[in-house]
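Reproduced below: work.pdb, with PDB, C-alpha atoms and all ligand atoms.
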```pdb
MODEL        1
ATOM      1  CA  MET A 554      22.639  13.162  33.012  1.00  0.00           C
ATOM      2  CA  ASN A 555      24.173   9.708  32.619  1.00  0.00           C
ATOM      3  CA  ASN A 556      22.042   8.429  35.485  1.00  0.00           C
ATOM      4  CA  LYS A 557      18.905   9.682  33.733  1.00  0.00           C
ATOM      5  CA  ILE A 558      19.873   7.894  30.513  1.00  0.00           C
ATOM      6  CA  SER A 559      20.395   4.680  32.417  1.00  0.00           C
ATOM      7  CA  LYS A 560      16.990   5.077  34.119  1.00  0.00           C
ATOM      8  CA  ASN A 561      15.382   5.608  30.707  1.00  0.00           C
ATOM      9  CA  ARG A 562      17.061   2.481  29.398  1.00  0.00           C
ATOM     10  CA  ILE A 563      15.862   0.462  32.372  1.00  0.00           C
ATOM     11  CA  ILE A 564      12.312   1.737  31.866  1.00  0.00           C
ATOM     12  CA  ALA A 565      12.515   0.915  28.150  1.00  0.00           C
ATOM     13  CA  LEU A 566      13.819  -2.572  28.950  1.00  0.00           C
ATOM     14  CA  ILE A 567      11.029  -3.188  31.473  1.00  0.00           C
ATOM     15  CA  SER A 568       8.460  -1.980  28.922  1.00  0.00           C
ATOM     16  CA  LEU A 569       9.903  -4.290  26.272  1.00  0.00           C
ATOM     17  CA  ILE A 570       9.889  -7.261  28.644  1.00  0.00           C
ATOM     18  CA  SER A 571       6.275  -6.500  29.642  1.00  0.00           C
ATOM     19  CA  PHE A 572       5.257  -6.190  26.001  1.00  0.00           C
ATOM     20  CA  LEU A 573       6.889  -9.483  25.046  1.00  0.00           C
ATOM     21  CA  THR A 574       5.490 -11.239  28.128  1.00  0.00           C
ATOM     22  CA  VAL A 575       1.951 -10.162  27.266  1.00  0.00           C
ATOM     23  CA  LEU A 576       2.401 -11.335  23.684  1.00  0.00           C
ATOM     24  CA  ILE A 577       3.896 -14.697  24.655  1.00  0.00           C
ATOM     25  CA  PHE A 578       1.369 -15.524  27.363  1.00  0.00           C
ATOM     26  CA  SER A 579      -1.564 -14.326  25.260  1.00  0.00           C
ATOM     27  CA  SER A 580      -0.515 -16.446  22.322  1.00  0.00           C
ATOM     28  CA  ALA A 581       0.107 -19.421  24.637  1.00  0.00           C
ATOM     29  CA  PHE A 582      -3.380 -19.001  26.136  1.00  0.00           C
ATOM     30  CA  VAL A 583      -5.010 -18.851  22.727  1.00  0.00           C
ATOM     31  CA  LEU A 584      -3.076 -21.885  21.512  1.00  0.00           C
ATOM     32  CA  THR A 585      -3.795 -24.010  24.574  1.00  0.00           C
ATOM     33  CA  HIS A 586      -7.470 -23.057  24.831  1.00  0.00           C
ATOM     34  CA  ALA A 587      -8.401 -22.881  21.164  1.00  0.00           C
ATOM     35  CA  ASP A 588     -10.186 -26.231  21.367  1.00  0.00           C
ATOM     36  CA  HIS A 589     -12.078 -26.219  24.651  1.00  0.00           C
ATOM     37  CA  GLU A 590     -15.410 -27.166  26.083  1.00  0.00           C
ATOM     38  CA  HIS A 591     -17.623 -24.120  26.303  1.00  0.00           C
ATOM     39  CA  ASP A 592     -18.890 -23.405  29.801  1.00  0.00           C
ATOM     40  CA  TYR A 593     -22.061 -21.468  29.197  1.00  0.00           C
ATOM     41  CA  SER A 594     -23.598 -20.530  32.482  1.00  0.00           C
ATOM     42  CA  SER A 595     -27.277 -20.816  33.199  1.00  0.00           C
ATOM     43  CA  THR A 596     -27.585 -17.024  33.265  1.00  0.00           C
ATOM     44  CA  GLY A 597     -26.973 -16.844  29.538  1.00  0.00           C
ATOM     45  CA  GLU A 598     -23.533 -15.240  29.722  1.00  0.00           C
ATOM     46  CA  ALA A 599     -20.902 -16.052  27.141  1.00  0.00           C
ATOM     47  CA  CYS A 600     -18.243 -18.705  27.670  1.00  0.00           C
ATOM     48  CA  SER A 601     -15.524 -17.225  29.883  1.00  0.00           C
ATOM     49  CA  ILE A 602     -12.681 -18.851  27.923  1.00  0.00           C
ATOM     50  CA  CYS A 603     -14.113 -17.549  24.650  1.00  0.00           C
ATOM     51  CA  VAL A 604     -14.243 -14.072  26.184  1.00  0.00           C
ATOM     52  CA  GLN A 605     -10.583 -14.336  27.225  1.00  0.00           C
ATOM     53  CA  ILE A 606      -9.586 -15.594  23.774  1.00  0.00           C
ATOM     54  CA  GLN A 607     -11.448 -12.685  22.200  1.00  0.00           C
ATOM     55  CA  GLY A 608      -9.563 -10.302  24.510  1.00  0.00           C
ATOM     56  CA  ALA A 609      -6.229 -11.844  23.550  1.00  0.00           C
ATOM     57  CA  GLU A 610      -7.102 -11.542  19.874  1.00  0.00           C
ATOM     58  CA  ASN A 611      -7.938  -7.884  20.403  1.00  0.00           C
ATOM     59  CA  ILE A 612      -4.539  -7.401  22.076  1.00  0.00           C
ATOM     60  CA  PHE A 613      -2.846  -8.958  19.041  1.00  0.00           C
ATOM     61  CA  LYS A 614      -4.854  -6.797  16.688  1.00  0.00           C
ATOM     62  CA  TYR A 615      -4.134  -3.510  18.447  1.00  0.00           C
ATOM     63  CA  LEU A 616      -0.498  -4.234  19.228  1.00  0.00           C
ATOM     64  CA  GLY A 617       0.088  -5.375  15.659  1.00  0.00           C
ATOM     65  CA  ALA A 618      -1.478  -2.210  14.295  1.00  0.00           C
ATOM     66  CA  ALA A 619       0.530  -0.093  16.735  1.00  0.00           C
ATOM     67  CA  PHE A 620       3.721  -1.954  15.810  1.00  0.00           C
ATOM     68  CA  PHE A 621       3.261  -1.385  12.078  1.00  0.00           C
ATOM     69  CA  CYS A 622       2.315   2.269  12.621  1.00  0.00           C
ATOM     70  CA  ALA A 623       5.432   2.793  14.736  1.00  0.00           C
ATOM     71  CA  LEU A 624       7.530   0.976  12.127  1.00  0.00           C
ATOM     72  CA  PHE A 625       6.095   3.190   9.367  1.00  0.00           C
ATOM     73  CA  VAL A 626       6.728   6.390  11.345  1.00  0.00           C
ATOM     74  CA  ILE A 627      10.264   5.389  12.330  1.00  0.00           C
ATOM     75  CA  GLY A 628      11.050   4.394   8.738  1.00  0.00           C
ATOM     76  CA  GLY A 629       9.708   7.704   7.453  1.00  0.00           C
ATOM     77  CA  LEU A 630      11.691   9.697   9.994  1.00  0.00           C
ATOM     78  CA  TYR A 631      14.823   7.708   9.156  1.00  0.00           C
ATOM     79  CA  ALA A 632      14.387   8.434   5.448  1.00  0.00           C
ATOM     80  CA  ILE A 633      13.837  12.138   6.141  1.00  0.00           C
ATOM     81  CA  VAL A 634      16.936  12.356   8.352  1.00  0.00           C
ATOM     82  CA  LYS A 635      19.062  10.528   5.766  1.00  0.00           C
ATOM     83  CA  THR A 636      17.820  12.869   3.026  1.00  0.00           C
ATOM     84  CA  ILE A 637      18.541  15.965   5.099  1.00  0.00           C
ATOM     85  CA  LYS A 638      22.022  14.671   5.939  1.00  0.00           C
ATOM     86  CA  ALA A 639      22.762  13.997   2.265  1.00  0.00           C
ATOM     87  CA  MET A 640      21.513  17.460   1.326  1.00  0.00           C
ATOM     88  CA  ALA A 641      23.638  19.035   4.060  1.00  0.00           C
ATOM     89  CA  VAL A 642      26.752  17.249   2.803  1.00  0.00           C
ATOM     90  CA  CYS A 643      26.059  18.460  -0.728  1.00  0.00           C
ATOM     91  CA  ALA A 644      25.506  22.005   0.511  1.00  0.00           C
ATOM     92  CA  VAL A 645      28.752  21.986   2.505  1.00  0.00           C
ATOM     93  CA  PHE A 646      30.938  20.542  -0.218  1.00  0.00           C
ATOM     94  CA  SER A 647      29.486  22.321  -3.205  1.00  0.00           C
ATOM     95  CA  ASN A 648      30.476  25.926  -3.159  1.00  0.00           C
ATOM     96  CA  PRO A 649      31.947  27.948  -6.028  1.00  0.00           C
ATOM     97  CA  ILE A 650      35.511  27.145  -4.963  1.00  0.00           C
ATOM     98  CA  THR A 651      35.035  23.393  -4.831  1.00  0.00           C
ATOM     99  CA  LEU A 652      33.090  23.476  -8.105  1.00  0.00           C
ATOM    100  CA  LYS A 653      35.956  25.539  -9.624  1.00  0.00           C
ATOM    101  CA  ILE A 654      33.662  28.221 -10.928  1.00  0.00           C
ATOM    102  CA  ARG A 655      35.492  31.239 -12.185  1.00  0.00           C
ATOM    103  CA  ILE A 656      33.980  34.500 -11.128  1.00  0.00           C
ATOM    104  CA  ASN A 657      35.033  37.362 -13.369  1.00  0.00           C
ATOM    105  CA  THR A 658      34.657  40.738 -11.819  1.00  0.00           C
TER     106      THR A 658
HETATM  107 ZN    ZN B 701     -15.778 -21.213  24.822  1.00  0.00          ZN
ENDMDL
END
```

Rewrite the structure of this file - the entire thing - as structure tokens.
Amino acid sequence: MNNKISKNRIIALISLISFLTVLIFSSAFVLTHADHEHDYSSTGEACSICVQIQGAENIFKYLGAAFFCALFVIGGLYAIVKTIKAMAVCAVFSNPITLKIRINT
């Protein structure tokens, strides 16, 4: 069980490092090649550097959208869990005895 948790943490760490590496190198590529000489080939294909920059921009766009979606979902789940915990505490501590309600039979 503990070994599985440690494997999951290692996988999560590797995923995080991969994610950050892609972001850093993509942004470095865009920054270093933003002002370049276009190399249009004679066949009429687009500039290869422009194509790579477009790909990096797409990575930023999709990862940014995924990041904000994940942040929104995690925030929503956190709020729901906090609300349920607060309601559970109220339900546990508010019974007729703790509220000092007199029940006449
Ligand atoms: Zn170009």

Could you make a table, as a tab-separated table, of the residues of chain A that have an atom within 12 Å of an atom of ligand ZN 701 (chain B), each with its nearest atom pair and distance in Å to one decimal, counting all atoms listed in the file, in chain and number order?
```
residue	atom	partner	partner_atom	distance
A:Val583	CA	B:ZN701	ZN	11.2
A:His586	CA	B:ZN701	ZN	8.5
A:Ala587	CA	B:ZN701	ZN	8.4
A:Asp588	CA	B:ZN701	ZN	8.3
A:His589	CA	B:ZN701	ZN	6.2
A:Glu590	CA	B:ZN701	ZN	6.1
A:His591	CA	B:ZN701	ZN	3.7
A:Asp592	CA	B:ZN701	ZN	6.3
A:Tyr593	CA	B:ZN701	ZN	7.7
A:Ser594	CA	B:ZN701	ZN	11.0
A:Glu598	CA	B:ZN701	ZN	10.9
A:Ala599	CA	B:ZN701	ZN	7.6
A:Cys600	CA	B:ZN701	ZN	4.5
A:Ser601	CA	B:ZN701	ZN	6.4
A:Ile602	CA	B:ZN701	ZN	5.0
A:Cys603	CA	B:ZN701	ZN	4.0
A:Val604	CA	B:ZN701	ZN	7.4
A:Gln605	CA	B:ZN701	ZN	8.9
A:Ile606	CA	B:ZN701	ZN	8.4
A:Gln607	CA	B:ZN701	ZN	9.9
```

(request) Would you mind telling me which residue in A:Leu584, A:Ile564, A:Leu576, A:Ile656 lies nearest to Leu616 of chain A when using all atoms listed in the file? (result)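 Closest to Leu616 of chain A of all the choices is A:Leu576.
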
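Atom CA of Leu566 of chain A sits 18.3 Å away from atom CA of Leu624 of chain A.
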
(message) Using Å and a single decimal, report how far atom CA of Tyr615 of chain A sits from atom CA of Ser580 of chain A.
(response)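 Atom-to-atom, atom CA of Ser580 of chain A and atom CA of Tyr615 of chain A are spaced 14.0 Å apart.
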
(request) Figure out the distance between atom CA of Ala623 of chain A and atom CA of Ala609 of chain A, please, to one decimal in Å. (result)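 A separation of 20.7 Å between them.
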
(message) Which residue is closest to Ser579 of chain A? Choose from A:Gly608, A:Thr651, A:Val642, A:Asn561 and count only C-alpha atoms.
(response)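 So, comparing all the options, the nearest one is A:Gly608.
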
Let me have the centre and edge lengths of the axis-aligned box enclosing all listed atoms of segment 617-631 of chain A with 6 Å padding on every side, in Å to one decimal, as AutoDock Vina command-line options.
```
--center_x 6.7 --center_y 2.2 --center_z 12.1 --size_x 28.3 --size_y 27.1 --size_z 21.3
```
